[in-house]
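Trainee: Can you keep this structure in mind? I'll have questions shortly.
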Amino acid sequence: MNIKKINEFAEYFSEFMGMIRENEPIAIISHDNTDLDGAAAALGIYLILNYYADHSGKIDLILNKTNQFVTEILQNEQLSEEIIINEGDIREEYNTLIIVDTPYLPPYFQKEFRHIILVDHHLEAENNREDPSDLSGILPIEKILCKTVDSTASSCSEMIGQLWKYLEVKITIPPLKKSMDESLISQLLLMGILMDSSGLKYSENSVIPILDFLIGKGADLPTARKLSIRDIPSDVKLARIKGAIRCEEPILIGEWIVLITHVNSHESAVCTALLGLGTDLAFCISKRKKKTFRLIARASERFQHSNTFHLGKFMEKLAIIFNGNSGGHKGAAGMNGQNYPQDLKKQIINELKKELNNSLL
Ligand SMILES: [Mn+2]
């Protein structure tokens, strides 16, 4: 069954909740290294099932590999008890697996399950791969009971917010249990929306009624905004400032501005900060032991979309010159090399000019 619209899905989901048989365990999971959007969406589904499903079997909310930020929030809000964090506590098999915010099965989830319900806002898995022939981790299609994939939604949290809103109107009977703190879950969903949409920058108009609903449930916009801002650690701030101070004069190649600098650590944060200053290409070197060095580079969005220059490929060339290894993409790449020469910056810029002039032709 392939349902795309969230309201059709909500209709299906309310029927699903009426049908689930007792004592058949359900698992709710998200992607590895779960971000706030994935965690909030999973918590939202958990709340909905606990509210409305006449189900006495166990519903397991499994978020065992959350990122640092989410881990801190879940601990602060004392939500850790609701959630299975250790792989050892995951049951051997589930009747239904509800997976949110990813079209891939996380590698840690190697348990048995009969059916899948998917709620996601990423592109279809098959279109999303760099290598389309690599199907590892793709959800087994034959097990998918129902899926809703809305790539116009800027977050999975807003899809779950809409599901909740729809059910609240549709299901007129009072919720079965009111044990979970709905203002807390609506707050987390609001934070998930803000996080994935970059403060609503990528949102559609349809998000507004969902925000209104969540605020009605107790979410608070200024609080969500405040909690979503993470302070940058001091060592990263210092590296960024030192990186900016140590920049050579800006180099102009065609219309593009290039900056090159050096620090001891956090080179990628330095490069990102330099892009924030307005440079198009940022390079940051750090000296390592035994005359080795590491070079990180980043390109601005506009630069990446305006020519064929590929930072990853450029780094491959530098890695050959400096006897090292490299890796990366069009807009972000790194390499390490040996025999740090005195004029390293000059050599990098010379190579860049050759390469970039070819791409600009
Ligand atoms: Mn997401």
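Simple scheme: letters A, B, ... for chains in structure tokens order, numbers from 1 for residues in each chain, numbers from 1 for ligands in the order shown.
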Using only C-alpha atoms and all ligand atoms, which residues of the polymer chains come no farther than 6 Å from ligand 1? I'd like the answer as a list in words.
Mentor: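 Residues lying within 6 Å of ligand 1: Asp37, Gly38, Asp101, Ser155, Cys156 and Asp196 of chain A.
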Trainee: Give me the residues near region 347-353 of chain A as JSON, numbers by chain, where near means some atom within 9 Å (using only C-alpha atoms) and where sequence neighbours in that chain fewer than 4 positions away do not count.
Mentor: {"A": [251, 253, 258, 260, 314, 317, 318, 341, 343, 357, 358]}
Trainee: Can those selected residues be exported to a file as a PDB file, in the first residue's frame so that it contains C-alpha atoms?
Mentor:
```pdb
ATOM      1  CA  ILE A 251      42.686  35.445  -3.637  1.00  0.00           C
ATOM      2  CA  ILE A 253      40.084  33.551  -9.290  1.00  0.00           C
ATOM      3  CA  VAL A 258      39.390  31.984  -2.044  1.00  0.00           C
ATOM      4  CA  ILE A 260      43.471  29.841   2.949  1.00  0.00           C
ATOM      5  CA  PHE A 314      40.886  18.316  -6.582  1.00  0.00           C
ATOM      6  CA  LYS A 317      45.210  15.371  -7.177  1.00  0.00           C
ATOM      7  CA  LEU A 318      46.765  17.060  -4.151  1.00  0.00           C
ATOM      8  CA  PRO A 341      56.713  22.097   2.578  1.00  0.00           C
ATOM      9  CA  ASP A 343      55.390  27.059   0.767  1.00  0.00           C
ATOM     10  CA  ASN A 357      40.646  27.981 -14.543  1.00  0.00           C
ATOM     11  CA  ASN A 358      39.973  24.732 -16.461  1.00  0.00           C
TER      12      ASN A 358
END
```
Trainee: Hey, can you check how far CA of Ile29 (chain A) sits from CA of Val70 (chain A)?
Mentor: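 One can read the CA of Ile29 (chain A) to CA of Val70 (chain A) distance as 14.4 Å.
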Trainee: So which residues touch Glu301 (chain A) within 9 Å, counting only C-alpha atoms, skipping near sequence neighbours fewer than 4 positions away, as a PyMOL selection string?
Mentor: chain A and resi 280+305-306+331
Trainee: For Lys291 (chain A), which of A:Thr148, A:Gln338, A:Ser198, A:Ser234 is the closest residue, counting only C-alpha atoms?
Mentor: A:Gln338
Trainee: Do you know which residues are at most 9 Å from region 200-217 of chain A counting only C-alpha atoms, after dropping those on the same chain fewer than 2 positions away, and could you put them as a list of chain:residue names?
Mentor: A:Thr152, A:Ala153, A:Ser154, A:Ser155, A:Glu158, A:Met159, A:Gly161, A:Gln162, A:Lys165, A:Glu182, A:Ser183, A:Leu184, A:Ile185, A:Ser186, A:Gln187, A:Leu189, A:Leu190, A:Ile193, A:Leu194, A:Met195, A:Asp196, A:Ser197, A:Ser198, A:Ala219, A:Asp220, A:Leu221
Trainee: So which one's closest to Asp181 (chain A), A:Glu77, A:Glu93, A:Glu316, A:Asp120? Using only C-alpha atoms, please.
Mentor: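 Checking each of A:Glu77, A:Glu93, A:Glu316, A:Asp120 against Asp181 (chain A), counting only C-alpha atoms, the winner is A:Glu77.
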Trainee: Nearest residue to Lys226 (chain A) out of A:Ile59, A:Ile85, A:Ile160, A:Met191, using only C-alpha atoms?
Mentor: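 Ranking A:Ile59, A:Ile85, A:Ile160, A:Met191 by distance to Lys226 (chain A), first place goes to A:Met191.
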Trainee: Can you list every residue in region 184-349 of chain A that DSSP puts in strand (DSSP E or B), as an NGL selection string?
Mentor: :A and (251-253 or 256-262 or 281-287 or 293-299 or 325-328 or 332-337)
Trainee: Under the rule of at most 7 Å, produce a per-residue listing of region 284-304 of chain A near region 334-337 of chain A: chain, number, name, the closest pair of atoms, and the distance in Å, as a tab-separated table, using only C-alpha atoms.
Mentor:
```
residue	atom	partner	partner_atom	distance
A:Thr292	CA	A:Gly337	CA	5.6
A:Phe293	CA	A:Gly337	CA	5.4
A:Arg294	CA	A:Asn336	CA	4.2
A:Leu295	CA	A:Met335	CA	5.3
A:Ile296	CA	A:Gly334	CA	4.3
A:Ala297	CA	A:Gly334	CA	6.1
```
Trainee: Those same residues - C-alpha atoms - I'd like them written as a short mmCIF file (atom, residue, chain, number, x, y, z; two decimals), in the first residue's frame.
Mentor:
```cif
data_model
loop_
_atom_site.label_atom_id
_atom_site.label_comp_id
_atom_site.auth_asym_id
_atom_site.auth_seq_id
_atom_site.Cartn_x
_atom_site.Cartn_y
_atom_site.Cartn_z
CA THR A 292 52.57 15.40 7.95
CA PHE A 293 49.58 17.70 7.50
CA ARG A 294 45.85 17.68 6.95
CA LEU A 295 43.94 19.94 4.59
CA ILE A 296 40.19 20.52 4.73
CA ALA A 297 38.20 22.53 2.19
#
```
Trainee: Mind listing the alpha helix (DSSP H) residues of region 179-358 of chain A, per DSSP on the backbone, as a PyMOL selection string?
Mentor: chain A and resi 182-196+207-216+221-228+234-245+267-277+301-306+311-321+344-358
